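To be precise, the following lines are data02.pdb, and they hold PDB, C-alpha atoms.
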```pdb
ATOM      1  CA  GLY A 160      33.266  82.680  89.103  1.00  0.00           C
ATOM      2  CA  THR A 161      36.422  81.290  90.573  1.00  0.00           C
ATOM      3  CA  ARG A 162      36.337  77.718  91.710  1.00  0.00           C
ATOM      4  CA  MET A 163      38.077  76.706  94.877  1.00  0.00           C
ATOM      5  CA  PRO A 164      40.731  74.082  94.225  1.00  0.00           C
ATOM      6  CA  ASP A 165      39.460  70.678  95.183  1.00  0.00           C
ATOM      7  CA  PRO A 166      41.765  69.165  97.838  1.00  0.00           C
ATOM      8  CA  ALA A 167      41.271  65.774  96.211  1.00  0.00           C
ATOM      9  CA  ASN A 168      42.397  67.231  92.909  1.00  0.00           C
ATOM     10  CA  PRO A 169      45.324  69.611  93.215  1.00  0.00           C
ATOM     11  CA  LEU A 170      46.006  71.542  90.060  1.00  0.00           C
ATOM     12  CA  GLY A 171      48.280  69.856  87.604  1.00  0.00           C
ATOM     13  CA  THR A 172      47.204  66.349  88.517  1.00  0.00           C
ATOM     14  CA  SER A 173      46.892  64.296  85.356  1.00  0.00           C
ATOM     15  CA  LEU A 174      43.582  62.927  84.182  1.00  0.00           C
ATOM     16  CA  ARG A 175      44.938  59.402  84.591  1.00  0.00           C
ATOM     17  CA  GLU A 176      45.987  60.068  88.182  1.00  0.00           C
ATOM     18  CA  ARG A 177      42.617  61.574  89.089  1.00  0.00           C
ATOM     19  CA  VAL A 178      40.733  58.646  87.554  1.00  0.00           C
ATOM     20  CA  ARG A 179      42.985  56.202  89.393  1.00  0.00           C
ATOM     21  CA  ARG A 180      42.265  57.942  92.697  1.00  0.00           C
ATOM     22  CA  VAL A 181      38.511  57.695  92.274  1.00  0.00           C
ATOM     23  CA  ILE A 182      38.744  54.032  91.268  1.00  0.00           C
ATOM     24  CA  ASP A 183      40.932  53.330  94.300  1.00  0.00           C
ATOM     25  CA  GLN A 184      38.184  54.804  96.482  1.00  0.00           C
ATOM     26  CA  LEU A 185      35.569  52.589  94.835  1.00  0.00           C
ATOM     27  CA  ARG A 186      37.555  49.353  95.003  1.00  0.00           C
ATOM     28  CA  PRO A 187      36.709  48.413  98.618  1.00  0.00           C
ATOM     29  CA  ALA A 188      32.997  48.346  97.761  1.00  0.00           C
ATOM     30  CA  VAL A 189      33.645  46.061  94.808  1.00  0.00           C
ATOM     31  CA  GLN A 190      35.979  43.898  96.879  1.00  0.00           C
ATOM     32  CA  SER A 191      33.322  43.525  99.567  1.00  0.00           C
ATOM     33  CA  ASP A 192      31.210  41.806  96.918  1.00  0.00           C
ATOM     34  CA  GLY A 193      34.035  39.356  96.245  1.00  0.00           C
ATOM     35  CA  GLY A 194      35.422  41.029  93.155  1.00  0.00           C
ATOM     36  CA  ASP A 195      37.903  43.678  92.210  1.00  0.00           C
ATOM     37  CA  LEU A 196      38.150  46.669  89.951  1.00  0.00           C
ATOM     38  CA  GLU A 197      41.305  47.487  88.047  1.00  0.00           C
ATOM     39  CA  PHE A 198      42.008  50.737  86.241  1.00  0.00           C
ATOM     40  CA  VAL A 199      43.398  49.979  82.784  1.00  0.00           C
ATOM     41  CA  ASP A 200      43.563  53.252  80.885  1.00  0.00           C
ATOM     42  CA  VAL A 201      41.855  56.511  80.005  1.00  0.00           C
ATOM     43  CA  ASP A 202      42.073  58.141  76.593  1.00  0.00           C
ATOM     44  CA  GLU A 203      41.947  61.771  75.523  1.00  0.00           C
ATOM     45  CA  SER A 204      38.255  61.552  74.703  1.00  0.00           C
ATOM     46  CA  GLY A 205      37.464  60.655  78.319  1.00  0.00           C
ATOM     47  CA  ILE A 206      36.754  56.948  77.906  1.00  0.00           C
ATOM     48  CA  VAL A 207      37.942  55.030  80.940  1.00  0.00           C
ATOM     49  CA  GLN A 208      38.828  51.358  80.589  1.00  0.00           C
ATOM     50  CA  VAL A 209      38.513  49.162  83.655  1.00  0.00           C
ATOM     51  CA  ARG A 210      38.728  45.452  84.257  1.00  0.00           C
ATOM     52  CA  LEU A 211      36.384  43.670  86.645  1.00  0.00           C
ATOM     53  CA  GLN A 212      37.741  40.613  88.393  1.00  0.00           C
ATOM     54  CA  GLY A 213      36.629  37.829  90.674  1.00  0.00           C
ATOM     55  CA  ALA A 214      32.984  37.299  91.511  1.00  0.00           C
ATOM     56  CA  CYS A 215      31.996  40.288  89.381  1.00  0.00           C
ATOM     57  CA  ILE A 216      32.820  38.581  86.096  1.00  0.00           C
ATOM     58  CA  GLY A 217      29.635  37.558  84.335  1.00  0.00           C
ATOM     59  CA  CYS A 218      27.489  38.776  87.181  1.00  0.00           C
ATOM     60  CA  PRO A 219      24.421  40.591  85.800  1.00  0.00           C
ATOM     61  CA  SER A 220      24.628  43.335  88.385  1.00  0.00           C
ATOM     62  CA  ALA A 221      28.294  43.966  87.594  1.00  0.00           C
ATOM     63  CA  ALA A 222      27.470  45.845  84.404  1.00  0.00           C
ATOM     64  CA  MET A 223      24.937  47.943  86.285  1.00  0.00           C
ATOM     65  CA  THR A 224      27.405  48.631  89.071  1.00  0.00           C
ATOM     66  CA  LEU A 225      29.971  49.665  86.515  1.00  0.00           C
ATOM     67  CA  LYS A 226      27.659  52.031  84.676  1.00  0.00           C
ATOM     68  CA  PHE A 227      25.756  53.553  87.547  1.00  0.00           C
ATOM     69  CA  GLY A 228      28.294  53.324  90.337  1.00  0.00           C
ATOM     70  CA  VAL A 229      31.712  53.656  88.798  1.00  0.00           C
ATOM     71  CA  GLU A 230      30.794  55.803  85.801  1.00  0.00           C
ATOM     72  CA  ARG A 231      28.598  58.146  87.836  1.00  0.00           C
ATOM     73  CA  ASN A 232      31.277  58.573  90.486  1.00  0.00           C
ATOM     74  CA  LEU A 233      33.993  59.191  87.939  1.00  0.00           C
ATOM     75  CA  LYS A 234      31.942  61.773  86.052  1.00  0.00           C
ATOM     76  CA  GLU A 235      31.167  63.515  89.310  1.00  0.00           C
ATOM     77  CA  HIS A 236      34.816  63.774  90.374  1.00  0.00           C
ATOM     78  CA  VAL A 237      36.497  63.918  86.981  1.00  0.00           C
ATOM     79  CA  PRO A 238      34.346  65.951  84.571  1.00  0.00           C
ATOM     80  CA  GLU A 239      36.483  64.941  81.585  1.00  0.00           C
ATOM     81  CA  VAL A 240      35.243  61.346  81.848  1.00  0.00           C
ATOM     82  CA  THR A 241      32.643  60.556  79.196  1.00  0.00           C
ATOM     83  CA  GLU A 242      32.206  56.812  79.554  1.00  0.00           C
ATOM     84  CA  VAL A 243      33.446  53.773  81.451  1.00  0.00           C
ATOM     85  CA  VAL A 244      33.967  50.552  79.528  1.00  0.00           C
ATOM     86  CA  CYS A 245      34.915  47.097  80.703  1.00  0.00           C
ATOM     87  CA  VAL A 246      37.783  45.456  78.830  1.00  0.00           C
TER
END
```
File written out as structure tokens:
Amino acid sequence: GTRMPDPANPLGTSLRERVRRVIDQLRPAVQSDGGDLEFVDVDESGIVQVRLQGACIGCPSAAMTLKFGVERNLKEHVPEVTEVVCV
């Protein structure tokens, strides 16, 4: 079937740009916990590199947030994403 274009993802938008948009939407939630989330890079195999900052560093729940929040959201909005890693 034909898929309707997603308004959040106009055709021709680069993978990097789409990943950045999703991360920008997630940042306020991370910031409300006293930290920050920075998009570093995404490679052709779909691995997204992010950097956690502030209160999130070394926090046990940060890794869980990253995997289950950020990674799940990215995979949902950007199907090419395979994994999110913290650098």
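Here atom CA of Ser204 of chain A is placed at a distance of 27.1 Å from atom CA of Ala188 of chain A.
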Check: Do you have the atom CA of Asp192 of chain A-atom CA of Ser173 of chain A distance handy?
Finding: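 A separation of 29.8 Å between them.
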Next item on the list: Go through A:Val181, A:Val229, A:Leu196, A:Val189 and flag the residue nearest Arg210 of chain A, using only C-alpha atoms for the distances.
Entry: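 Among the listed residues, A:Leu196 lies closest to Arg210 of chain A.
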Check: What's the 12 Å shell around Asp200 of chain A, counting only C-alpha atoms, without same-chain residues fewer than 6 positions away, as a ChimeraX atom specification?
Finding: /A:174-179,182,206-210,240,242-246
Margin query: Here is a test: counting all atoms listed in the file, which residue of A:Arg231, A:Glu239, A:Phe198, A:Glu203 is nearest to Asp183 of chain A?
Written below: A:Phe198
Next item on the list: Counting all atoms listed in the file, figure out which residue out of A:Leu185, A:Arg180, A:Ser220, A:Pro238 gets nearest to Gly205 of chain A.
Entry: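 Closest residue, counting all atoms listed in the file: A:Pro238.
When only C-alpha atoms are used to measure the gap to Gly213 of chain A, the shortest distance among A:Val199, A:Leu225, A:Leu233, A:Gln190 belongs to A:Gln190.
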Notebook entry, point to check: So how far away is atom CA of Glu235 of chain A from atom CA of Ala222 of chain A, in Å?
Noted result: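 A separation of 18.7 Å between them.
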Using 6 Å of padding on each side, determine the axis-aligned box around all atoms of segment 187-203 of chain A present in the file and give its centre and edge lengths in Å to one decimal, as lines of an AutoDock Vina configuration file.
```
center_x = 37.4
center_y = 50.6
center_z = 87.5
size_x = 24.4
size_y = 34.4
size_z = 36.0
```
